[in-house]
$ cat run.tsv   # TSV, C-alpha atoms
chain	number	residue	atom	x	y	z
D	1	MET	CA	-7.15	-18.06	-5.22
D	2	ASN	CA	-6.00	-20.94	-2.99
D	3	GLY	CA	-9.46	-21.01	-1.45
D	4	LEU	CA	-9.35	-17.33	-0.45
D	5	ARG	CA	-12.12	-15.06	-1.69
D	6	GLY	CA	-11.42	-11.43	-2.55
D	7	ARG	CA	-12.16	-8.77	-5.12
D	8	VAL	CA	-10.36	-7.35	-8.15
D	9	LEU	CA	-10.86	-3.94	-9.72
D	10	ARG	CA	-10.28	-3.87	-13.47
D	11	MET	CA	-10.22	-0.65	-15.53
D	12	PRO	CA	-9.76	-1.30	-19.27
D	13	ALA	CA	-7.52	1.06	-21.23
D	14	LYS	CA	-8.98	4.14	-22.87
D	15	ASN	CA	-8.25	5.16	-26.47
D	16	LYS	CA	-6.17	2.04	-27.19
D	17	LYS	CA	-3.44	2.95	-24.71
D	18	LYS	CA	-1.06	0.01	-24.34
D	19	ARG	CA	0.40	0.13	-20.83
D	20	GLU	CA	-0.74	-2.69	-18.51
D	21	MET	CA	-0.55	-1.66	-14.85
D	22	LEU	CA	-0.96	-3.63	-11.64
D	23	LEU	CA	-1.68	-1.46	-8.60
D	24	VAL	CA	-0.94	-2.93	-5.17
D	25	TYR	CA	-2.37	-0.95	-2.27
D	26	GLY	CA	-0.96	-0.69	1.25
D	27	HIS	CA	-2.02	-0.84	4.88
D	28	HIS	CA	-5.39	0.31	6.20
D	29	THR	CA	-6.98	0.62	2.79
D	30	SER	CA	-9.23	-1.04	0.24
D	31	LEU	CA	-10.26	-0.91	-3.41
D	32	GLU	CA	-12.65	1.93	-2.54
D	33	ARG	CA	-9.96	4.07	-0.93
D	34	MET	CA	-7.54	3.56	-3.82
D	35	PHE	CA	-10.17	4.05	-6.53
D	36	GLY	CA	-9.02	7.61	-7.24
D	37	VAL	CA	-5.41	6.44	-7.67
D	38	ALA	CA	-6.62	3.79	-10.14
D	39	GLU	CA	-8.55	6.46	-12.06
D	40	VAL	CA	-5.42	8.58	-12.47
D	41	LEU	CA	-3.42	5.58	-13.68
D	42	ASN	CA	-6.21	4.68	-16.09
D	43	GLU	CA	-5.26	7.75	-18.13
D	44	PHE	CA	-2.14	5.82	-19.20
D	45	GLY	CA	-3.52	2.33	-19.83
D	46	SER	CA	-5.29	-0.63	-18.25
D	47	VAL	CA	-5.34	-0.89	-14.46
D	48	THR	CA	-5.84	-3.98	-12.34
D	49	MET	CA	-5.99	-3.76	-8.54
D	50	PRO	CA	-6.53	-6.94	-6.50
D	51	ASP	CA	-7.26	-7.32	-2.83
D	52	LEU	CA	-4.48	-8.83	-0.73
D	53	PRO	CA	-5.28	-11.66	1.71
D	54	GLY	CA	-6.56	-10.09	4.93
D	55	PHE	CA	-6.99	-6.65	3.35
D	56	GLY	CA	-9.99	-4.95	1.79
D	57	GLY	CA	-12.38	-7.59	3.10
D	58	MET	CA	-10.54	-10.52	1.50
D	59	ASP	CA	-10.14	-13.75	3.46
D	60	SER	CA	-6.89	-13.86	5.42
D	61	PHE	CA	-4.05	-16.36	5.20
D	62	PHE	CA	-5.05	-17.57	8.66
D	63	LYS	CA	-8.09	-19.23	7.03
D	64	ILE	CA	-5.75	-21.65	5.24
D	65	HIS	CA	-3.39	-21.92	8.25
D	66	GLU	CA	-0.68	-19.69	6.84
D	67	LYS	CA	0.86	-16.54	8.31
D	68	PRO	CA	0.61	-13.22	6.40
D	69	THR	CA	4.32	-12.54	6.18
D	70	LEU	CA	5.96	-10.41	3.54
D	71	ASP	CA	7.07	-13.57	1.75
D	72	THR	CA	3.61	-15.19	1.66
D	73	LEU	CA	2.08	-11.95	0.38
D	74	ALA	CA	4.81	-11.83	-2.28
D	75	ASP	CA	3.99	-15.43	-3.24
D	76	TYR	CA	0.32	-14.54	-3.56
D	77	LEU	CA	1.11	-11.52	-5.74
D	78	ALA	CA	3.35	-13.61	-8.00
D	79	SER	CA	0.59	-16.20	-8.41
D	80	PHE	CA	-1.90	-13.47	-9.26
D	81	ILE	CA	0.42	-12.02	-11.91
D	82	LYS	CA	1.02	-15.41	-13.52
D	83	MET	CA	-2.73	-16.04	-13.62
D	84	ARG	CA	-3.75	-12.56	-14.80
D	85	TYR	CA	-0.89	-11.65	-17.16
D	86	ARG	CA	0.08	-14.70	-19.18
D	87	THR	CA	2.08	-12.72	-21.73
D	88	GLY	CA	3.34	-9.21	-22.30
D	89	ARG	CA	5.07	-6.54	-20.23
D	90	ILE	CA	3.54	-4.95	-17.14
D	91	THR	CA	4.06	-1.91	-14.95
D	92	LEU	CA	3.92	-2.46	-11.19
D	93	ILE	CA	2.73	0.34	-8.88
D	94	GLY	CA	3.00	-0.14	-5.12
D	95	PHE	CA	1.50	2.23	-2.60
D	96	SER	CA	3.40	2.46	0.72
D	97	PHE	CA	3.42	-1.10	2.18
D	98	GLY	CA	2.21	-2.37	-1.20
D	99	PHE	CA	5.53	-1.29	-2.71
D	100	LEU	CA	7.34	-3.40	-0.12
D	101	VAL	CA	5.30	-6.43	-1.26
D	102	VAL	CA	6.03	-5.65	-4.93
D	103	THR	CA	9.77	-5.37	-4.27
D	104	ARG	CA	9.96	-8.60	-2.28
D	105	MET	CA	7.97	-10.40	-4.98
D	106	LEU	CA	10.44	-9.35	-7.68
D	107	GLN	CA	13.36	-10.38	-5.48
D	108	LEU	CA	11.86	-13.85	-4.96
D	109	TYR	CA	10.75	-14.33	-8.58
D	110	PRO	CA	13.51	-13.14	-10.96
D	111	ASP	CA	11.62	-14.66	-13.90
D	112	LEU	CA	8.89	-12.06	-13.36
D	113	GLU	CA	11.41	-9.23	-13.15
D	114	LYS	CA	12.12	-9.76	-16.85
D	115	ARG	CA	8.47	-9.05	-17.65
D	116	VAL	CA	8.29	-5.74	-15.77
D	117	ASP	CA	8.99	-2.56	-17.72
D	118	LEU	CA	8.72	-0.15	-14.77
D	119	VAL	CA	8.20	-0.19	-11.00
D	120	VAL	CA	6.55	2.83	-9.39
D	121	SER	CA	6.73	3.53	-5.67
D	122	LEU	CA	4.02	5.83	-4.32
D	123	VAL	CA	5.40	6.85	-0.91
D	124	GLY	CA	6.92	3.38	-0.61
D	125	PHE	CA	9.73	2.22	1.68
D	126	SER	CA	12.16	-0.68	2.05
D	127	SER	CA	13.61	-0.65	5.56
D	128	LYS	CA	12.58	-0.26	9.19
D	129	ASP	CA	15.13	2.55	9.36
D	130	ASP	CA	13.02	4.65	6.96
D	131	PHE	CA	10.52	5.52	9.71
D	132	THR	CA	10.68	8.88	11.45
D	133	PHE	CA	9.17	7.73	14.76
D	134	SER	CA	11.07	8.31	17.98
D	135	LYS	CA	12.65	5.21	19.54
D	136	THR	CA	10.00	5.21	22.25
D	137	ARG	CA	7.07	5.42	19.81
D	138	PHE	CA	8.69	2.87	17.50
D	139	ARG	CA	9.10	0.34	20.32
D	140	LEU	CA	5.56	1.00	21.54
D	141	TYR	CA	4.05	0.35	18.11
D	142	LEU	CA	6.19	-2.74	17.53
D	143	GLY	CA	5.40	-4.21	20.96
D	144	ALA	CA	1.67	-3.59	20.59
D	145	ALA	CA	1.64	-5.11	17.09
D	146	ARG	CA	3.41	-8.24	18.32
D	147	PHE	CA	0.99	-8.67	21.23
D	148	TYR	CA	-2.17	-8.18	19.17
D	149	SER	CA	-0.94	-10.44	16.36
D	150	TYR	CA	-1.97	-13.44	18.48
D	151	ARG	CA	-5.48	-14.81	18.09
D	152	LEU	CA	-7.04	-14.06	21.50
D	153	PRO	CA	-5.58	-10.54	21.92
D	154	ALA	CA	-6.67	-9.80	18.32
D	155	ILE	CA	-10.23	-10.88	19.11
D	156	PHE	CA	-10.21	-8.61	22.17
D	157	PHE	CA	-8.80	-5.69	20.14
D	158	ARG	CA	-11.43	-6.03	17.42
D	159	ASN	CA	-14.41	-6.40	19.77
D	160	ILE	CA	-13.38	-3.66	22.21
D	161	PHE	CA	-11.08	-1.06	20.64
D	162	LEU	CA	-12.47	-1.47	17.12
D	163	HIS	CA	-16.12	-1.56	18.11
D	164	PRO	CA	-17.98	1.00	15.93
D	165	PHE	CA	-19.29	2.83	19.02
D	166	VAL	CA	-15.73	3.34	20.30
D	167	LEU	CA	-14.21	4.23	16.93
D	168	LYS	CA	-16.81	6.89	16.13
D	169	ARG	CA	-16.13	8.70	19.41
D	170	VAL	CA	-12.41	8.24	19.89
D	171	TYR	CA	-10.59	7.63	16.61
D	172	HIS	CA	-10.39	11.24	15.37
D	173	ARG	CA	-8.63	12.23	18.60
D	174	LEU	CA	-5.78	9.71	18.26
D	175	HIS	CA	-2.22	10.81	17.41
D	176	ASN	CA	-2.07	9.38	13.88
D	177	ALA	CA	-5.64	10.40	12.97
D	178	LYS	CA	-5.66	14.06	13.98
D	179	GLU	CA	-4.21	15.24	10.67
D	180	LYS	CA	-6.90	13.44	8.65
D	181	PHE	CA	-9.72	15.15	10.54
D	182	LYS	CA	-8.18	18.61	10.85
D	183	ASP	CA	-10.44	21.52	9.79
D	184	LEU	CA	-13.20	19.33	8.32
D	185	ASP	CA	-16.78	20.51	8.03
D	186	PRO	CA	-19.32	18.38	9.98
D	187	GLY	CA	-20.57	16.52	6.89
D	188	THR	CA	-17.11	15.51	5.67
D	189	HIS	CA	-16.10	14.62	9.24
D	190	LYS	CA	-19.07	12.24	9.49
D	191	THR	CA	-18.32	10.65	6.10
D	192	MET	CA	-14.67	10.11	6.93
D	193	THR	CA	-15.49	8.70	10.35
D	194	GLU	CA	-17.87	6.17	8.87
D	195	PHE	CA	-15.34	5.09	6.26
D	196	GLU	CA	-12.60	4.75	8.89
D	197	VAL	CA	-14.92	2.45	10.82
D	198	TYR	CA	-15.44	0.43	7.63
D	199	LEU	CA	-11.69	0.16	6.99
D	200	TRP	CA	-10.85	-0.96	10.51
D	201	ARG	CA	-13.70	-3.47	10.58
D	202	THR	CA	-13.26	-4.94	7.08
D	203	ASN	CA	-9.52	-5.55	7.31
D	204	ASP	CA	-8.36	-8.58	9.29
D	205	ILE	CA	-6.81	-7.30	12.52
D	206	ARG	CA	-4.30	-10.16	12.91
D	207	THR	CA	-3.08	-9.58	9.35
D	208	HIS	CA	-2.77	-5.87	10.14
D	209	MET	CA	-0.68	-6.59	13.22
D	210	VAL	CA	1.55	-9.30	11.70
D	211	THR	CA	2.37	-7.11	8.70
D	212	THR	CA	3.04	-4.18	11.04
D	213	VAL	CA	5.65	-6.31	12.79
D	214	GLU	CA	7.03	-7.20	9.35
D	215	PHE	CA	7.62	-3.62	8.25
D	216	PHE	CA	8.96	-2.55	11.66
D	217	THR	CA	11.64	-5.24	11.39
D	218	VAL	CA	12.30	-5.38	7.63
D	219	ASP	CA	15.47	-4.72	5.66
D	220	ASN	CA	14.63	-5.27	2.01
D	221	THR	CA	17.85	-3.78	0.63
D	222	LYS	CA	19.93	-6.96	0.40
D	223	ARG	CA	18.89	-8.10	-3.10
D	224	LYS	CA	19.38	-5.95	-6.20
D	225	LEU	CA	16.75	-5.48	-8.90
D	226	HIS	CA	17.63	-4.60	-12.50
D	227	VAL	CA	14.42	-2.91	-13.55
D	228	PRO	CA	13.73	0.85	-13.95
D	229	ALA	CA	12.05	2.34	-10.90
D	230	CYS	CA	10.36	5.63	-9.98
D	231	HIS	CA	9.66	6.86	-6.47
D	232	VAL	CA	7.20	9.57	-5.46
D	233	ALA	CA	8.23	11.19	-2.18
D	234	VAL	CA	6.25	13.52	0.06
D	235	PRO	CA	8.35	16.29	1.72
D	236	GLY	CA	6.29	16.43	4.91
D	237	ASP	CA	5.61	12.68	5.21
D	238	LYS	CA	4.92	12.02	8.90
D	239	TYR	CA	5.95	8.37	8.58
D	240	PHE	CA	9.13	8.30	6.48
D	241	ASN	CA	12.41	10.18	6.15
D	242	LYS	CA	12.68	11.23	2.49
D	243	GLU	CA	16.50	11.07	2.34
D	244	THR	CA	16.76	7.69	4.07
D	245	VAL	CA	14.10	6.17	1.84
D	246	GLU	CA	15.97	7.33	-1.27
D	247	LEU	CA	19.29	5.98	0.04
D	248	HIS	CA	17.80	2.53	0.60
D	249	LEU	CA	15.98	2.48	-2.73
D	250	ARG	CA	19.25	3.18	-4.54
D	251	GLN	CA	20.71	0.11	-2.84
D	252	ILE	CA	17.99	-1.97	-4.54
D	253	PHE	CA	17.50	-0.35	-7.94
D	254	ASP	CA	20.24	0.45	-10.47
D	255	ASP	CA	17.94	2.83	-12.34
D	256	LEU	CA	15.94	5.05	-9.97
D	257	THR	CA	14.16	8.36	-10.61
D	258	ILE	CA	12.85	10.45	-7.72
D	259	TYR	CA	9.77	12.68	-7.98
D	260	THR	CA	8.38	14.95	-5.29
D	261	ALA	CA	4.65	15.38	-4.79
D	262	LYS	CA	3.29	18.79	-3.83
D	263	THR	CA	1.63	17.63	-0.64
D	264	ASN	CA	2.54	16.99	2.97
D	265	SER	CA	0.12	14.08	3.35
D	266	HIS	CA	1.39	10.50	3.16
D	267	SER	CA	-1.76	9.36	1.38
D	268	PRO	CA	-4.77	10.90	-0.37
D	269	SER	CA	-8.06	11.38	1.45
D	270	ILE	CA	-9.84	8.16	2.43
D	271	ILE	CA	-12.68	9.50	0.31
D	272	GLY	CA	-11.33	7.88	-2.84
D	273	GLU	CA	-11.95	10.58	-5.44
D	274	LYS	CA	-9.61	11.21	-8.33
D	275	LYS	CA	-9.04	14.87	-7.44
D	276	PHE	CA	-7.47	13.85	-4.10
D	277	ALA	CA	-5.18	11.29	-5.76
D	278	GLU	CA	-3.83	13.48	-8.57
D	279	VAL	CA	-1.41	15.26	-6.25
D	280	LEU	CA	0.63	12.02	-5.98
D	281	PHE	CA	1.40	12.13	-9.72
D	282	PRO	CA	3.81	14.96	-10.60
D	283	SER	CA	3.85	16.04	-14.25
D	284	ALA	CA	7.24	14.40	-14.90
D	285	LEU	CA	5.91	11.03	-13.73
D	286	ARG	CA	2.81	11.46	-15.89
D	287	LYS	CA	5.04	11.99	-18.91
D	288	ARG	CA	7.01	8.85	-18.02
D	289	LEU	CA	3.84	6.77	-17.77
D	290	ALA	CA	2.52	8.21	-21.03
D	291	ARG	CA	5.50	7.08	-23.11
D	292	ARG	CA	3.90	3.76	-24.01
D	293	SER	CA	0.36	5.18	-24.16
$ encode --input "run.tsv" --output "structure tokens"
Amino acid sequence: MNGLRGRVLRMPAKNKKKREMLLVYGHHTSLERMFGVAEVLNEFGSVTMPDLPGFGGMDSFFKIHEKPTLDTLADYLASFIKMRYRTGRITLIGFSFGFLVVTRMLQLYPDLEKRVDLVVSLVGFSSKDDFTFSKTRFRLYLGAARFYSYRLPAIFFRNIFLHPFVLKRVYHRLHNAKEKFKDLDPGTHKTMTEFEVYLWRTNDIRTHMVTTVEFFTVDNTKRKLHVPACHVAVPGDKYFNKETVELHLRQIFDDLTIYTAKTNSHSPSIIGEKKFAEVLFPSALRKRLARRS
């Protein structure tokens, strides 16, 4: 699309189930990592999951001299929907940052809102105030993201800090990675390390940094949406405050249902198997998705 090359995962419906679902993944991920989530959703209908520009190995907006802001990603998603779904109703599922893109897209394109029967947030958010980081850590992350969003610093970051030799020896010791690698056997540790290297190397680092600045400065609560929405929260989410997220979502959606997943992890294992993703789909949400099956 628009001269940018990426991939699309398509899972046809099983047993004539009618629901059409578009899954939009978040930061630091790919089709492979979200494959298990797509498999769970496939129980309720057809699933389509496209790459986003700069994510999952897809060309970035910088290739066509555009900046990967929340609005340009929303424009891209709207174009994809109009190309892929010419008629009929669709269900939109956004994972973490992906939900932010979905929400902004619906706010910018009210004509598409009329075609959406349900929006599902999997550990999504809508405001910079949803984060649980201390003020010091928040400012540190925001400042670093701004600095490395420029071309030359980004090149330095990729070739030094994201060099495979460095990542394999250092990454599992970093603050935000320790939980992922806790209590793993040597074989699983090696597999996860290799996939983390793949994720950091395949995703465009400038896109990663620009979008980080976007969600550390965003307030997406100003425009209402009149479409039913569901939100899956994680009690022990290390990134977001459950109560604040819900408060902000209710400012956007008139009809909002909250579900709580039985896990303390913000996202399933990077090893994208269905069994790791199922925990994000409480039984009540499964029943909701099955209504049109």
$ atom_distance --input "run.tsv" --atom1 "atom CA of D:His172" --atom2 "atom CA of D:Thr193"
7.6 Å
$ residues_around --input "run.tsv" --residues "stretch 118-133 of chain D" --least-positions-apart "4" --cutoff "6 Å" --atoms "all atoms listed in the file" --output "number ranges by chain"
D: 91-96, 99-100, 137-138, 216-220, 228-233, 239-241, 244-245
$ residues_around --input "run.tsv" --residues "D:Ala277" --least-positions-apart "3" --cutoff "9 Å" --atoms "all atoms listed in the file" --output "PyMOL selection string"
chain D and resi 34-40+267-269+272-274+280-281
$ closest_atom_pairs --input "run.tsv" --of "stretch 200-240 of chain D" --to "stretch 47-70 of chain D" --cutoff "7 Å" --atoms "all atoms listed in the file" --output "CSV"
residue,atom,partner,partner_atom,distance
D:Thr202,CA,D:Gly57,CA,4.9
D:Asn203,CA,D:Phe55,CA,4.8
D:Asp204,CA,D:Gly54,CA,5.0
D:Thr207,CA,D:Gly54,CA,5.6
D:Val210,CA,D:Pro68,CA,6.7
D:Thr211,CA,D:Thr69,CA,6.3
D:Glu214,CA,D:Leu70,CA,6.7
$ atom_distance --input "run.tsv" --atom1 "atom CA of D:Tyr148" --atom2 "atom CA of D:Met209"
6.3 Å
$ closest_residue --input "run.tsv" --among "D:Leu174, D:Ile160, D:Ala74, D:Met83" --to "D:Thr103" --atoms "only C-alpha atoms"
D:Ala74
$ residues_around --input "run.tsv" --residues "D:Lys17" --least-positions-apart "3" --cutoff "9 Å" --atoms "all atoms listed in the file" --output "compact mmCIF listing (two decimals) with C-alpha atoms, keeping the file's coordinate frame"
# COMPACT_ATOMS: atom_id res chain seq x y z
CA ALA D 13 -7.52 1.06 -21.23
CA LYS D 14 -8.98 4.14 -22.87
CA GLU D 20 -0.74 -2.69 -18.51
CA GLU D 43 -5.26 7.75 -18.13
CA PHE D 44 -2.14 5.82 -19.20
CA GLY D 45 -3.52 2.33 -19.83
CA SER D 46 -5.29 -0.63 -18.25
CA ALA D 290 2.52 8.21 -21.03
CA ARG D 292 3.90 3.76 -24.01
CA SER D 293 0.36 5.18 -24.16
$ atom_distance --input "run.tsv" --atom1 "atom CA of D:Phe276" --atom2 "atom CA of D:Thr257"
23.2 Å
$ residues_around --input "run.tsv" --residues "D:Val234" --least-positions-apart "3" --cutoff "9 Å" --atoms "all atoms listed in the file" --output "ChimeraX atom specification"
/D:123,237,240,242,259-266,280
$ closest_residue --input "run.tsv" --among "D:Ile252, D:Ile258, D:Ala144, D:Ser134" --to "D:Pro282" --atoms "all atoms listed in the file"
D:Ile258
$ decode --input "run.tsv" --residues "stretch 159-244 of chain D" --atoms "C-alpha atoms" --output "CSV table (one decimal), in the first residue's frame"
chain,number,residue,atom,x,y,z
D,159,ASN,CA,24.1,-0.6,15.2
D,160,ILE,CA,25.4,-0.5,18.8
D,161,PHE,CA,22.7,-1.2,21.4
D,162,LEU,CA,20.7,-3.4,19.1
D,163,HIS,CA,23.6,-5.4,17.7
D,164,PRO,CA,22.8,-9.1,18.1
D,165,PHE,CA,26.0,-9.7,20.1
D,166,VAL,CA,24.9,-7.0,22.6
D,167,LEU,CA,21.3,-8.0,22.8
D,168,LYS,CA,22.0,-11.7,23.5
D,169,ARG,CA,24.2,-10.9,26.4
D,170,VAL,CA,22.5,-7.9,28.0
D,171,TYR,CA,18.8,-7.8,27.1
D,172,HIS,CA,17.5,-10.3,29.7
D,173,ARG,CA,19.1,-8.3,32.5
D,174,LEU,CA,17.3,-5.0,31.6
D,175,HIS,CA,14.5,-3.7,33.9
D,176,ASN,CA,11.6,-4.3,31.5
D,177,ALA,CA,12.9,-7.7,30.3
D,178,LYS,CA,13.6,-9.4,33.6
D,179,GLU,CA,10.0,-10.6,34.0
D,180,LYS,CA,9.9,-12.3,30.6
D,181,PHE,CA,13.0,-14.3,31.3
D,182,LYS,CA,12.3,-15.2,35.0
D,183,ASP,CA,12.6,-18.9,35.9
D,184,LEU,CA,13.1,-20.1,32.3
D,185,ASP,CA,14.9,-23.4,31.5
D,186,PRO,CA,18.0,-22.9,29.3
D,187,GLY,CA,16.3,-24.1,26.1
D,188,THR,CA,13.3,-21.7,26.4
D,189,HIS,CA,15.7,-18.9,27.5
D,190,LYS,CA,17.7,-19.4,24.3
D,191,THR,CA,14.6,-19.4,22.1
D,192,MET,CA,13.1,-16.3,23.7
D,193,THR,CA,16.5,-14.5,23.4
D,194,GLU,CA,16.7,-15.2,19.7
D,195,PHE,CA,13.2,-14.1,19.1
D,196,GLU,CA,13.8,-10.8,21.0
D,197,VAL,CA,16.8,-10.2,18.8
D,198,TYR,CA,14.5,-10.8,15.8
D,199,LEU,CA,11.9,-8.4,17.0
D,200,TRP,CA,14.3,-5.6,17.8
D,201,ARG,CA,16.1,-6.0,14.5
D,202,THR,CA,13.1,-6.4,12.2
D,203,ASN,CA,11.1,-3.4,13.6
D,204,ASP,CA,12.2,0.1,12.4
D,205,ILE,CA,13.9,1.8,15.3
D,206,ARG,CA,12.8,5.3,14.3
D,207,THR,CA,9.2,4.2,14.1
D,208,HIS,CA,9.5,2.6,17.5
D,209,MET,CA,10.9,5.8,19.0
D,210,VAL,CA,8.5,8.2,17.3
D,211,THR,CA,5.5,6.1,18.4
D,212,THR,CA,6.9,5.9,21.9
D,213,VAL,CA,6.9,9.7,22.0
D,214,GLU,CA,3.3,9.6,20.7
D,215,PHE,CA,1.9,7.4,23.5
D,216,PHE,CA,3.9,9.2,26.2
D,217,THR,CA,2.2,12.5,25.2
D,218,VAL,CA,-1.2,11.3,24.0
D,219,ASP,CA,-4.7,12.2,25.3
D,220,ASN,CA,-7.2,10.3,23.1
D,221,THR,CA,-10.2,11.0,25.3
D,222,LYS,CA,-11.5,14.1,23.6
D,223,ARG,CA,-13.7,12.6,20.9
D,224,LYS,CA,-16.6,10.2,21.7
D,225,LEU,CA,-17.3,7.0,19.9
D,226,HIS,CA,-20.8,5.4,19.7
D,227,VAL,CA,-19.8,1.8,19.2
D,228,PRO,CA,-19.9,-1.0,21.7
D,229,ALA,CA,-16.5,-1.7,23.3
D,230,CYS,CA,-14.9,-4.4,25.5
D,231,HIS,CA,-11.7,-4.0,27.4
D,232,VAL,CA,-9.5,-6.8,28.8
D,233,ALA,CA,-7.5,-5.6,31.8
D,234,VAL,CA,-4.7,-7.3,33.6
D,235,PRO,CA,-4.6,-6.8,37.4
D,236,GLY,CA,-0.8,-6.8,37.7
D,237,ASP,CA,0.0,-4.9,34.5
D,238,LYS,CA,3.4,-3.4,35.0
D,239,TYR,CA,2.7,-0.7,32.5
D,240,PHE,CA,-0.9,0.6,33.1
D,241,ASN,CA,-3.1,1.5,36.0
D,242,LYS,CA,-6.3,-0.5,35.6
D,243,GLU,CA,-8.6,2.0,37.2
D,244,THR,CA,-7.2,5.0,35.3
